[in-house]
There are 4 protein chains.
Amino acid sequence: MRGGIWGMAAALACAAPMTAQAQTAQLAGRWIVTVDYFGTPTIWTLDLAQDGNRISGDLTGDVLTGTVKGNEIRFLAKDKVGGSEDVTARLANGRIAGEMILIDGAEQARMPHRLSFTAKRAPQPSGGPPVLHVNPGDTIHTATIDAAGIDAKGVRRAAPGNPQTGPFYIDGAMPGDTLVVRIRRLRLNRDTAISTNGMTERGQDARTAVRMAGLGKPVTWRLDRDKGIAMPEAPGDALKGYWVPVKPMLGGIGVAADPSLAAPGSGDVGRFGGNMDFNEMGEGTTVYFPVAVPGALLYFGDGHALQGDGETTGDALETSMDVEVEVDLVRGKRAGQVRIETPTHIVAIGLDGSLDASFRSASSSMFAWLAADYGLAPADIAQIFGTAAEYRVSAVPGRAAGMVLKIPKARLATLPGAPKP
Amino acid sequence: MRGGIWGMAAALACAAPMTAQAQTAQLAGRWIVTVDYFGTPTIWTLDLAQDGNRISGDLTGDVLTGTVKGNEIRFLAKDKVGGSEDVTARLANGRIAGEMILIDGAEQARMPHRLSFTAKRAPQPSGGPPVLHVNPGDTIHTATIDAAGIDAKGVRRAAPGNPQTGPFYIDGAMPGDTLVVRIRRLRLNRDTAISTNGMTERGQDARTAVRMAGLGKPVTWRLDRDKGIAMPEAPGDALKGYWVPVKPMLGGIGVAADPSLAAPGSGDVGRFGGNMDFNEMGEGTTVYFPVAVPGALLYFGDGHALQGDGETTGDALETSMDVEVEVDLVRGKRAGQVRIETPTHIVAIGLDGSLDASFRSASSSMFAWLAADYGLAPADIAQIFGTAAEYRVSAVPGRAAGMVLKIPKARLATLPGAPKP
Amino acid sequence: MRGGIWGMAAALACAAPMTAQAQTAQLAGRWIVTVDYFGTPTIWTLDLAQDGNRISGDLTGDVLTGTVKGNEIRFLAKDKVGGSEDVTARLANGRIAGEMILIDGAEQARMPHRLSFTAKRAPQPSGGPPVLHVNPGDTIHTATIDAAGIDAKGVRRAAPGNPQTGPFYIDGAMPGDTLVVRIRRLRLNRDTAISTNGMTERGQDARTAVRMAGLGKPVTWRLDRDKGIAMPEAPGDALKGYWVPVKPMLGGIGVAADPSLAAPGSGDVGRFGGNMDFNEMGEGTTVYFPVAVPGALLYFGDGHALQGDGETTGDALETSMDVEVEVDLVRGKRAGQVRIETPTHIVAIGLDGSLDASFRSASSSMFAWLAADYGLAPADIAQIFGTAAEYRVSAVPGRAAGMVLKIPKARLATLPGAPKP
Amino acid sequence: MRGGIWGMAAALACAAPMTAQAQTAQLAGRWIVTVDYFGTPTIWTLDLAQDGNRISGDLTGDVLTGTVKGNEIRFLAKDKVGGSEDVTARLANGRIAGEMILIDGAEQARMPHRLSFTAKRAPQPSGGPPVLHVNPGDTIHTATIDAAGIDAKGVRRAAPGNPQTGPFYIDGAMPGDTLVVRIRRLRLNRDTAISTNGMTERGQDARTAVRMAGLGKPVTWRLDRDKGIAMPEAPGDALKGYWVPVKPMLGGIGVAADPSLAAPGSGDVGRFGGNMDFNEMGEGTTVYFPVAVPGALLYFGDGHALQGDGETTGDALETSMDVEVEVDLVRGKRAGQVRIETPTHIVAIGLDGSLDASFRSASSSMFAWLAADYGLAPADIAQIFGTAAEYRVSAVPGRAAGMVLKIPKARLATLPGAPKP
């Protein structure tokens, strides 16, 4: 399947049509709720079970019970800290619309707020051949254009600035799930890459800055796909004969952080991935994303034929790629951060504003991972870090200065609590 | 040769005795000059050639010409920026003592200063078997005790706090030279190592800090020297079965930064090395030190059976070691920083107060190295960084947060200007 | 004038209607051009002069000449580095639509690209009473709600999360101009503020983190507007009697960075301002913004009754405010960064990911300011910094760790090149 | 009293002579113990009370009981975690010498160690007029030379490099006490100061670095002591007329961190102060130092006529000073860090390797101070920080990037637990 640029409007149109029920509305199943929170649309989930005219279930984590009479719905949902939603709604044309009296248990003054909302059924795995919708278990076959918007044939296909392929709507992916993305195949599909001869300011002291002044110009690299190496096209005398093995990778891969988010591809990063520019994001690597919006909205791009640690040139060897990625879902389990698994390591990534902060967050993210998935106590984790940690710089040219903490899977394999493959 | 703790007094006593010359003093050769610089003793060098009663040479980089009559010496030395030393001195008992009128070319107001000094002949390579003096080309066979001062037999030999073996006085090493130290052999010599179950504060966010509170206690590791692995002696349930391959390394290796420096081993680092705790400082690695004081005063210690990147536990697997290092000199050539060469990489190390600063200094140090030794232009270096840089964290528990930049030697081997092995 | 929430759609509808000309279209004046740059809409400007059927002018900085025949337009624009736009277009219904052959002088390979575009006349200062449009020289009289969306009467008016008042469209403001915003009046309008009892992680070492665990709860402060002080409503025993003078400020003030930017108010910052949380952003302070989009799109909000340096609690004393700001334009002159002028100081602000990076960028921003506006040489600037710099932390809880560099205006007033007031 | 350079040897010679007692040695009082800890001399304290032949007291914090027979001494001291010292010693010639069996309660394996030690009586406040010894309550009247070693008359008195005046031995100061140093008077005593026209690398981005290349040259400033202002002696055209009010301060002030420490004045800093370069270290300011060695060994120097925040020039307006400081002791109470009190604020200082780390440590140090001395709970402290914190950069050119956190004393004065003046 070859992906193009996908529009949000198309996805919204995919909601399965519903017929209104004659006597008692049939509500069982998952609904996507859009709450008008003082002018800001906010996405909640509603899971309902129904026994005659009694309903029960869960409203974004709060336990609910209530009734349905004809199309009239009433229920009360409660959290554990004194908050509640008292809901009055009505089913019409397959959609629920109504109001709730919200008492926010986390607010200091428990002032009730009256909020309106609408809900539609969560999209089901569609039977027919989707174009941009993808089912869990599917493999996406596509191609990415380079960071300047150029494709395999040298044709400009989009504006420069890390244009991404996607987003892909993963059917059934809901907030609270984990999206699994396995990079099955990642291959060069042309003979050139573009880089620069500059160096990130983060790597320059004053003396180096004086020597580097005026650099940062584009340079072309030849990609020899048979030999698997790259060479500068017009090296200076002292660089003649220089070559590097290629190691294809995706600079950008992420999911939507927020339903109101501007289009992806801006070059920024966060806990939902993005322009991470980590040079082990290649064939055989799996990425785990927390799902924040229905469908997850996966995108990827910014292929690099290879990249040194830190991506100190700002542009790595930017080129187009043939890509196959398999997507899957782990329902109801979600980490707070993107997680990465290469063929040999588990990898936590820190994407903060300095290397020191990213060292801290990568370490703390791995600490939480080992505690949650391997049942390790803090003292155990300290000892694993002390004997097996591998800290590398991922990329520093952007707003984030990325650092990864890698733990070899061989070290963890013998632990009693290690997850079974 | 087995080294012990070596005292400065012993070295001073090694100066070869000189007999005063009857008619014209014979001054040719190298002298170590101690200048009383307004109360602070400062070490200079004096290289003299002699033709009858005419002398010429070099006073700490300034070109000199002058005369000697009997034991009376007069010469004038000049630098390139208007500075000079006008010297009147006398040879007695094999030592030169005198005064100079110094005009410091770098000072704003070129006010002449009158300074007194003494000089003695630079130590010569001694003919007999030295105990703690070492000749260039020699190999030191010794053993290091662990960071707590315990030796291979479990006997405390020194106070805790990274006690070092040495210093070794390298005969002929002078300021302006480079000391080459090749780690020929580095082997475990006992069956236990001591580490801790804590984690450096640099790696803890607030949530992790709460979970780690109270940890940092010592833990014992078993070293299986036949299998080449280490295992915690009393692991928690979830850590049972954990093992790691050993990879012996020297946590500390350095030379004296300053003649007035306090004893080494404080755990600090700088451009003369020290407690760098870089986990590739093992068998096969060569370290290049700028020489700052006569004899260089090499020391090393703090052996680790293995260490994760960052030495996040504060103590790695601390143990005693059998050590063989070969020392050599490159005369008259000196980098501003310690440089490291492993079997596969050249390595620049940043030892500043934050990872961001160390990223900057490791990068700038490697930039200078590639420019000086490989004849590469700034644009060339940028491209090598962009395609071959490997940035790893060395150690963060101390005052410095160390980061290394490694470039594979395989990438540099084909360059026209690559140094011949 | 009291501002509300302003929609982009409204602004687009304000374009003055144009009648097509019978014989030769009348094109003189400024046009806003939207270029479809490979799928990305990009805003350019077109300034045209007309003499019969000959036209000349400037297309986003490139000098153009051409002709108009009836409604058919042709011109060629050139830059100084070999780039050009060869334009064919047509006027219809007051809008220009057409195509250009673009050769990008900055691209390595000067491949021509064919791009389509439309243009409409730049909005003129409107004669009638605008509601959300503002003329240069106007003063906006409005009120801001607090960071939680609550107004002066305690009524929730928007969702929490730093909701902003605006944006205001400044008539005539174009990219390349500087928007001047003078805070004329900033007054408390209710008797309470909300803060928290937590502390930013950036200020906590591990020991402090353990002691602060679980804090970060909201706390209410009383505002005594007569005495001009604030007191915690329910202080702990040891805090009884604590009071602080109020010093009202706007936490957020900014302009649009990009036409495609999501709604402001997200709490982020950049060179177009935003949630800067600098506690001298009060009455008497002037802010200078680079204009990036037509109309600039000014917004502000997040009033604080007072705030300690660093906003270490995450929330300062959040409250609603009565606000009067005067806006003005400096046409054709633009700094790369927001600049601030208090009654006593000029202030450069660094808004990077660490205090060290913000120290660097605030210093470099002030360096550029003093060089450009005071005619000072680098050595002069160094001496001013060395004797008059005041560095303070602005706010650290967000993604940026802000730091300001202040120079007293009294120090600069006597300089020969000082701008005349 | 005018201080000069004081030698350690003189202090050691001041120990009061003791006569051996005929029958039962009289041991009551304080002793300074030097323990040979596996080759490293370590300073402990011994406080003894005596009732006939029974003795009791405290050995460096461990409670002891024992006996004395003639000159033979035996006692056992115990800590709270299972450690002990079993001591056998003898008094001779006014000194105690002996051995102890040490069991270190903090060591994992409680292996007994046999250590030898000697002890002499702690120096008493001397009756006669001391030259370099100072009694608590005394005021030191002296002068400091400038950072280049030049005195008030322009005569070089020491080598450049921040030469310090002192150290002063404060009679009775012991580890565990706090040394109080009040700067009573700090006055310029000549008409020039030396600074530079450079800028610290920490403040330069790459563009600024290019413009600043080659600067860092010395510049002379005129000090007009009548008007209280400073002016550059030969300003560039654009800097003509520039002047700044003087605000004299001590760049360096500290106590010995360690008995084996090299001479002070190296420009480094730490929790015992040093070259802090904080521009409020002037007349009226009090500094509190943790005492680490007997006598504390106070030193100060590096006077600045004035200094901008951050000391971005590396050298501030360096000049000589007339100085009066009063010293005092708070016995048995000690903070872990240097603390500062200006006429208006209490000030915690962070002296770490980055501004971010120093922000953290200054915050955590102030947190501990407010908790300990004002009885405030963590939530209270958070609120004080949030409303009254003032964070300023102290100095960044050295190895540490210093930042201070100031809290106005006016804010704290009304708190129930505020220390009484």
# chains A, B, ... in the order shown; residues from 1 in each chain; ligands from 1
$ residues_around --residues "Val255 (chain A)" --least-positions-apart "6" --cutoff "7 Å" --atoms "only C-alpha atoms" --output "VMD selection string"
chain A and resid 272 to 273 296 to 299
$ residues_around --residues "Ala238 (chain C)" --least-positions-apart "3" --cutoff "9 Å" --atoms "only C-alpha atoms" --output "list in words"
Pro235 and Gly241 of chain C; Tyr374, Gly375, Leu376, Ala377, Asp380, Leu415, Pro416 and Gly417 of chain D
$ write_last_selection --atoms "C-alpha atoms" --output "compact mmCIF listing (two decimals), in the first residue's frame"
# COMPACT_ATOMS: atom_id res chain seq x y z
CA PRO C 235 -1.07 29.58 55.66
CA GLY C 241 1.74 36.66 58.73
CA TYR D 374 12.77 29.28 60.10
CA GLY D 375 10.92 26.03 60.88
CA LEU D 376 9.11 26.14 57.56
CA ALA D 377 7.40 23.11 55.99
CA ASP D 380 5.57 26.92 52.97
CA LEU D 415 7.41 34.88 60.18
CA PRO D 416 6.81 33.32 63.61
CA GLY D 417 10.00 31.24 63.39
$ closest_atom_pairs --of "chain C" --to "chain D" --cutoff "7 Å" --atoms "only C-alpha atoms" --output "Markdown table"
| residue | atom | partner | partner_atom | distance |
| --- | --- | --- | --- | --- |
| C:Asn197 | CA | D:Ala379 | CA | 5.0 |
| C:Gly198 | CA | D:Ala382 | CA | 5.6 |
| C:Met199 | CA | D:Ala382 | CA | 5.7 |
| C:Arg202 | CA | D:Arg360 | CA | 6.1 |
| C:Gly203 | CA | D:Arg360 | CA | 4.2 |
| C:Gln204 | CA | D:Arg360 | CA | 5.7 |
| C:Asp205 | CA | D:Ser364 | CA | 6.2 |
| C:Thr208 | CA | D:Ser364 | CA | 6.2 |
| C:Arg211 | CA | D:Pro378 | CA | 6.7 |
| C:Met212 | CA | D:Pro378 | CA | 6.1 |
| C:Leu215 | CA | D:Ala379 | CA | 6.8 |
| C:Gly236 | CA | D:Asp380 | CA | 6.9 |
| C:Ala238 | CA | D:Leu376 | CA | 5.5 |
| C:Leu239 | CA | D:Leu415 | CA | 6.0 |
| C:Lys240 | CA | D:Leu415 | CA | 6.4 |
| C:Gly241 | CA | D:Thr414 | CA | 6.0 |
| C:Tyr242 | CA | D:Leu415 | CA | 6.3 |
| C:Trp243 | CA | D:Arg411 | CA | 6.9 |
| C:Val244 | CA | D:Arg411 | CA | 6.8 |
| C:Leu306 | CA | D:Thr387 | CA | 6.8 |
| C:Gln307 | CA | D:Thr387 | CA | 5.2 |
| C:Gly308 | CA | D:Thr387 | CA | 4.3 |
| C:Asp309 | CA | D:Glu390 | CA | 5.1 |
| C:Glu311 | CA | D:Gly386 | CA | 5.8 |
| C:Thr312 | CA | D:Gly386 | CA | 5.4 |
| C:Thr313 | CA | D:Gly386 | CA | 5.2 |
| C:Ala316 | CA | D:Gly386 | CA | 6.5 |
| C:Ser354 | CA | D:Asp356 | CA | 6.6 |
| C:Leu355 | CA | D:Asp356 | CA | 5.5 |
| C:Asp356 | CA | D:Leu355 | CA | 5.5 |
| C:Phe359 | CA | D:Gly203 | CA | 6.2 |
| C:Arg360 | CA | D:Gly203 | CA | 4.2 |
| C:Ser361 | CA | D:Asp205 | CA | 6.8 |
| C:Ser363 | CA | D:Gly203 | CA | 5.5 |
| C:Ser364 | CA | D:Gln204 | CA | 5.9 |
| C:Gly375 | CA | D:Ala238 | CA | 6.4 |
| C:Leu376 | CA | D:Ala238 | CA | 5.5 |
| C:Pro378 | CA | D:Met212 | CA | 6.1 |
| C:Ala379 | CA | D:Asn197 | CA | 5.0 |
| C:Asp380 | CA | D:Leu239 | CA | 6.1 |
| C:Ala382 | CA | D:Asn197 | CA | 5.3 |
| C:Gln383 | CA | D:Asn197 | CA | 5.6 |
| C:Phe385 | CA | D:Gly308 | CA | 6.4 |
| C:Gly386 | CA | D:Gly308 | CA | 4.9 |
| C:Thr387 | CA | D:Gly308 | CA | 4.3 |
| C:Ala388 | CA | D:Gly308 | CA | 4.8 |
| C:Ala389 | CA | D:Gly308 | CA | 4.7 |
| C:Glu390 | CA | D:Asp309 | CA | 5.1 |
| C:Tyr391 | CA | D:Arg392 | CA | 5.6 |
| C:Arg392 | CA | D:Arg392 | CA | 4.6 |
| C:Val393 | CA | D:Tyr391 | CA | 5.6 |
| C:Arg411 | CA | D:Val244 | CA | 6.8 |
| C:Thr414 | CA | D:Gly241 | CA | 6.0 |
| C:Leu415 | CA | D:Leu239 | CA | 6.0 |
| C:Pro416 | CA | D:Ala238 | CA | 5.9 |
| C:Gly417 | CA | D:Ala238 | CA | 6.3 |
$ write_last_selection --atoms "C-alpha atoms" --output "short mmCIF file (atom, residue, chain, number, x, y, z; two decimals), in the first residue's frame"
data_model
loop_
_atom_site.label_atom_id
_atom_site.label_comp_id
_atom_site.auth_asym_id
_atom_site.auth_seq_id
_atom_site.Cartn_x
_atom_site.Cartn_y
_atom_site.Cartn_z
CA ASN C 197 2.57 24.84 46.85
CA GLY C 198 4.88 22.86 44.57
CA MET C 199 8.32 23.51 43.19
CA ARG C 202 14.51 22.14 37.84
CA GLY C 203 15.01 23.43 41.40
CA GLN C 204 15.01 20.12 43.26
CA ASP C 205 17.98 17.94 44.09
CA THR C 208 14.57 18.06 48.15
CA ARG C 211 10.72 16.19 50.85
CA MET C 212 8.51 17.77 48.17
CA LEU C 215 3.04 18.66 46.82
CA GLY C 236 0.56 26.85 57.71
CA ALA C 238 5.12 28.74 60.28
CA LEU C 239 3.94 30.88 57.36
CA LYS C 240 1.39 32.94 59.32
CA GLY C 241 1.74 36.66 58.73
CA TYR C 242 3.51 36.24 55.43
CA TRP C 243 2.69 38.92 52.84
CA VAL C 244 4.17 40.16 49.58
CA LEU C 306 3.06 38.89 41.30
CA GLN C 307 5.64 36.22 40.59
CA GLY C 308 8.99 35.28 42.06
CA ASP C 309 11.91 34.92 39.66
CA GLU C 311 8.06 31.03 38.56
CA THR C 312 9.22 28.04 40.57
CA THR C 313 5.68 27.12 41.64
CA ALA C 316 2.35 32.24 39.89
CA SER C 354 18.44 25.18 29.47
CA LEU C 355 19.58 28.12 31.55
CA ASP C 356 23.02 27.79 30.02
CA PHE C 359 22.34 32.72 29.07
CA ARG C 360 24.11 32.35 25.75
CA SER C 361 21.19 33.51 23.63
CA SER C 363 23.82 37.59 25.80
CA SER C 364 24.13 37.22 22.05
CA GLY C 375 26.75 51.66 17.06
CA LEU C 376 28.99 49.92 19.57
CA PRO C 378 32.42 44.30 20.07
CA ALA C 379 35.08 45.50 22.53
CA ASP C 380 32.75 48.29 23.72
CA ALA C 382 32.15 43.53 26.23
CA GLN C 383 32.96 46.37 28.61
CA PHE C 385 28.44 43.73 29.85
CA GLY C 386 31.35 43.49 32.26
CA THR C 387 30.24 46.53 34.24
CA ALA C 388 26.46 46.78 33.88
CA ALA C 389 24.97 43.36 33.08
CA GLU C 390 22.11 42.14 35.26
CA TYR C 391 21.19 38.52 34.60
CA ARG C 392 17.99 37.17 36.14
CA VAL C 393 16.01 33.99 35.71
CA ARG C 411 24.25 53.60 31.74
CA THR C 414 25.21 59.22 27.74
CA LEU C 415 26.58 57.21 24.81
CA PRO C 416 27.05 59.19 21.58
CA GLY C 417 25.07 56.66 19.54
#
$ atom_distance --atom1 "CA of Gly70 (chain A)" --atom2 "CA of Gly172 (chain A)"
28.3 Å
$ residues_around --residues "Arg190 (chain D)" --least-positions-apart "2" --cutoff "12 Å" --atoms "only C-alpha atoms" --output "NGL selection string"
:D and (143-146 or 150-155 or 187-188 or 192-194 or 221-226 or 230 or 303-305 or 318-322)
$ closest_residue --among "B:Arg121, B:Arg156, B:Arg339, B:Arg114" --to "Leu91 (chain B)" --atoms "only C-alpha atoms"
B:Arg121
$ select_by_dssp --residues "region 115-257 of chain A" --states "alpha helix (DSSP H)" --output "PyMOL selection string"
chain A and resi 206-212
$ atom_distance --atom1 "CA of Asp268 (chain B)" --atom2 "CA of Arg399 (chain B)"
7.0 Å
$ atom_distance --atom1 "CA of Ala158 (chain D)" --atom2 "CA of Val33 (chain B)"
19.2 Å
$ select_by_dssp --residues "region 356-407 of chain A" --states "strand (DSSP E or B)" --output "list of chain:residue names"
A:Glu390, A:Tyr391, A:Arg392, A:Val393, A:Ala395, A:Met403, A:Val404, A:Leu405, A:Lys406, A:Ile407
$ residues_around --residues "Asp302 (chain D)" --least-positions-apart "2" --cutoff "6 Å" --atoms "only C-alpha atoms" --output "number ranges by chain"
D: 146-147, 162, 250-252
$ residues_around --residues "Glu326 (chain A)" --least-positions-apart "4" --cutoff "8 Å" --atoms "only C-alpha atoms" --output "list in words"
Gly137, Asp138, Thr139, Ile140, Val181, Arg182, Ile183 and Arg184 of chain A
$ write_last_selection --atoms "all heavy atoms" --output "mmCIF file, in the first residue's frame"
data_model
loop_
_atom_site.group_PDB
_atom_site.id
_atom_site.type_symbol
_atom_site.label_atom_id
_atom_site.label_comp_id
_atom_site.auth_asym_id
_atom_site.auth_seq_id
_atom_site.Cartn_x
_atom_site.Cartn_y
_atom_site.Cartn_z
ATOM 1 N N GLY A 137 -1.989 -5.415 12.581
ATOM 2 C CA GLY A 137 -1.486 -6.600 11.911
ATOM 3 C C GLY A 137 -1.113 -6.340 10.463
ATOM 4 O O GLY A 137 -0.369 -7.112 9.861
ATOM 5 N N ASP A 138 -1.623 -5.262 9.879
ATOM 6 C CA ASP A 138 -1.294 -4.927 8.485
ATOM 7 C C ASP A 138 0.145 -4.434 8.356
ATOM 8 O O ASP A 138 0.732 -3.907 9.308
ATOM 9 C CB ASP A 138 -2.192 -3.779 7.985
ATOM 10 C CG ASP A 138 -3.569 -4.295 7.573
ATOM 11 O OD1 ASP A 138 -3.786 -5.523 7.624
ATOM 12 O OD2 ASP A 138 -4.410 -3.448 7.221
ATOM 13 N N THR A 139 0.651 -4.588 7.163
ATOM 14 C CA THR A 139 1.945 -3.990 6.832
ATOM 15 C C THR A 139 1.725 -2.902 5.788
ATOM 16 O O THR A 139 1.063 -3.124 4.781
ATOM 17 C CB THR A 139 2.908 -5.055 6.296
ATOM 18 O OG1 THR A 139 3.143 -5.997 7.331
ATOM 19 C CG2 THR A 139 4.235 -4.426 5.883
ATOM 20 N N ILE A 140 2.272 -1.742 6.070
ATOM 21 C CA ILE A 140 2.195 -0.620 5.133
ATOM 22 C C ILE A 140 3.401 -0.684 4.208
ATOM 23 O O ILE A 140 4.539 -0.719 4.677
ATOM 24 C CB ILE A 140 2.202 0.723 5.905
ATOM 25 C CG1 ILE A 140 1.029 0.787 6.884
ATOM 26 C CG2 ILE A 140 2.182 1.899 4.940
ATOM 27 C CD1 ILE A 140 1.109 1.961 7.865
ATOM 28 N N VAL A 181 4.939 -0.330 16.109
ATOM 29 C CA VAL A 181 5.324 -0.138 14.716
ATOM 30 C C VAL A 181 6.636 -0.860 14.469
ATOM 31 O O VAL A 181 7.662 -0.505 15.069
ATOM 32 C CB VAL A 181 5.475 1.367 14.384
ATOM 33 C CG1 VAL A 181 5.827 1.555 12.913
ATOM 34 C CG2 VAL A 181 4.205 2.128 14.725
ATOM 35 N N ARG A 182 6.589 -1.879 13.628
ATOM 36 C CA ARG A 182 7.807 -2.649 13.341
ATOM 37 C C ARG A 182 8.331 -2.263 11.965
ATOM 38 O O ARG A 182 7.617 -2.400 10.965
ATOM 39 C CB ARG A 182 7.514 -4.146 13.370
ATOM 40 C CG ARG A 182 7.034 -4.656 14.716
ATOM 41 C CD ARG A 182 6.866 -6.168 14.773
ATOM 42 N NE ARG A 182 6.251 -6.516 16.057
ATOM 43 C CZ ARG A 182 4.936 -6.646 16.256
ATOM 44 N NH1 ARG A 182 4.073 -6.489 15.248
ATOM 45 N NH2 ARG A 182 4.479 -6.939 17.471
ATOM 46 N N ILE A 183 9.571 -1.791 11.919
ATOM 47 C CA ILE A 183 10.171 -1.415 10.631
ATOM 48 C C ILE A 183 10.699 -2.689 9.978
ATOM 49 O O ILE A 183 11.745 -3.222 10.357
ATOM 50 C CB ILE A 183 11.293 -0.373 10.828
ATOM 51 C CG1 ILE A 183 10.751 0.863 11.574
ATOM 52 C CG2 ILE A 183 11.886 0.042 9.475
ATOM 53 C CD1 ILE A 183 11.800 1.886 11.949
ATOM 54 N N ARG A 184 9.919 -3.204 9.006
ATOM 55 C CA ARG A 184 10.252 -4.503 8.412
ATOM 56 C C ARG A 184 11.292 -4.370 7.304
ATOM 57 O O ARG A 184 12.106 -5.277 7.097
ATOM 58 C CB ARG A 184 8.971 -5.120 7.812
ATOM 59 C CG ARG A 184 7.952 -5.566 8.844
ATOM 60 C CD ARG A 184 8.529 -6.682 9.693
ATOM 61 N NE ARG A 184 7.489 -7.292 10.536
ATOM 62 C CZ ARG A 184 7.798 -8.025 11.594
ATOM 63 N NH1 ARG A 184 9.050 -8.210 11.978
ATOM 64 N NH2 ARG A 184 6.832 -8.568 12.313
#
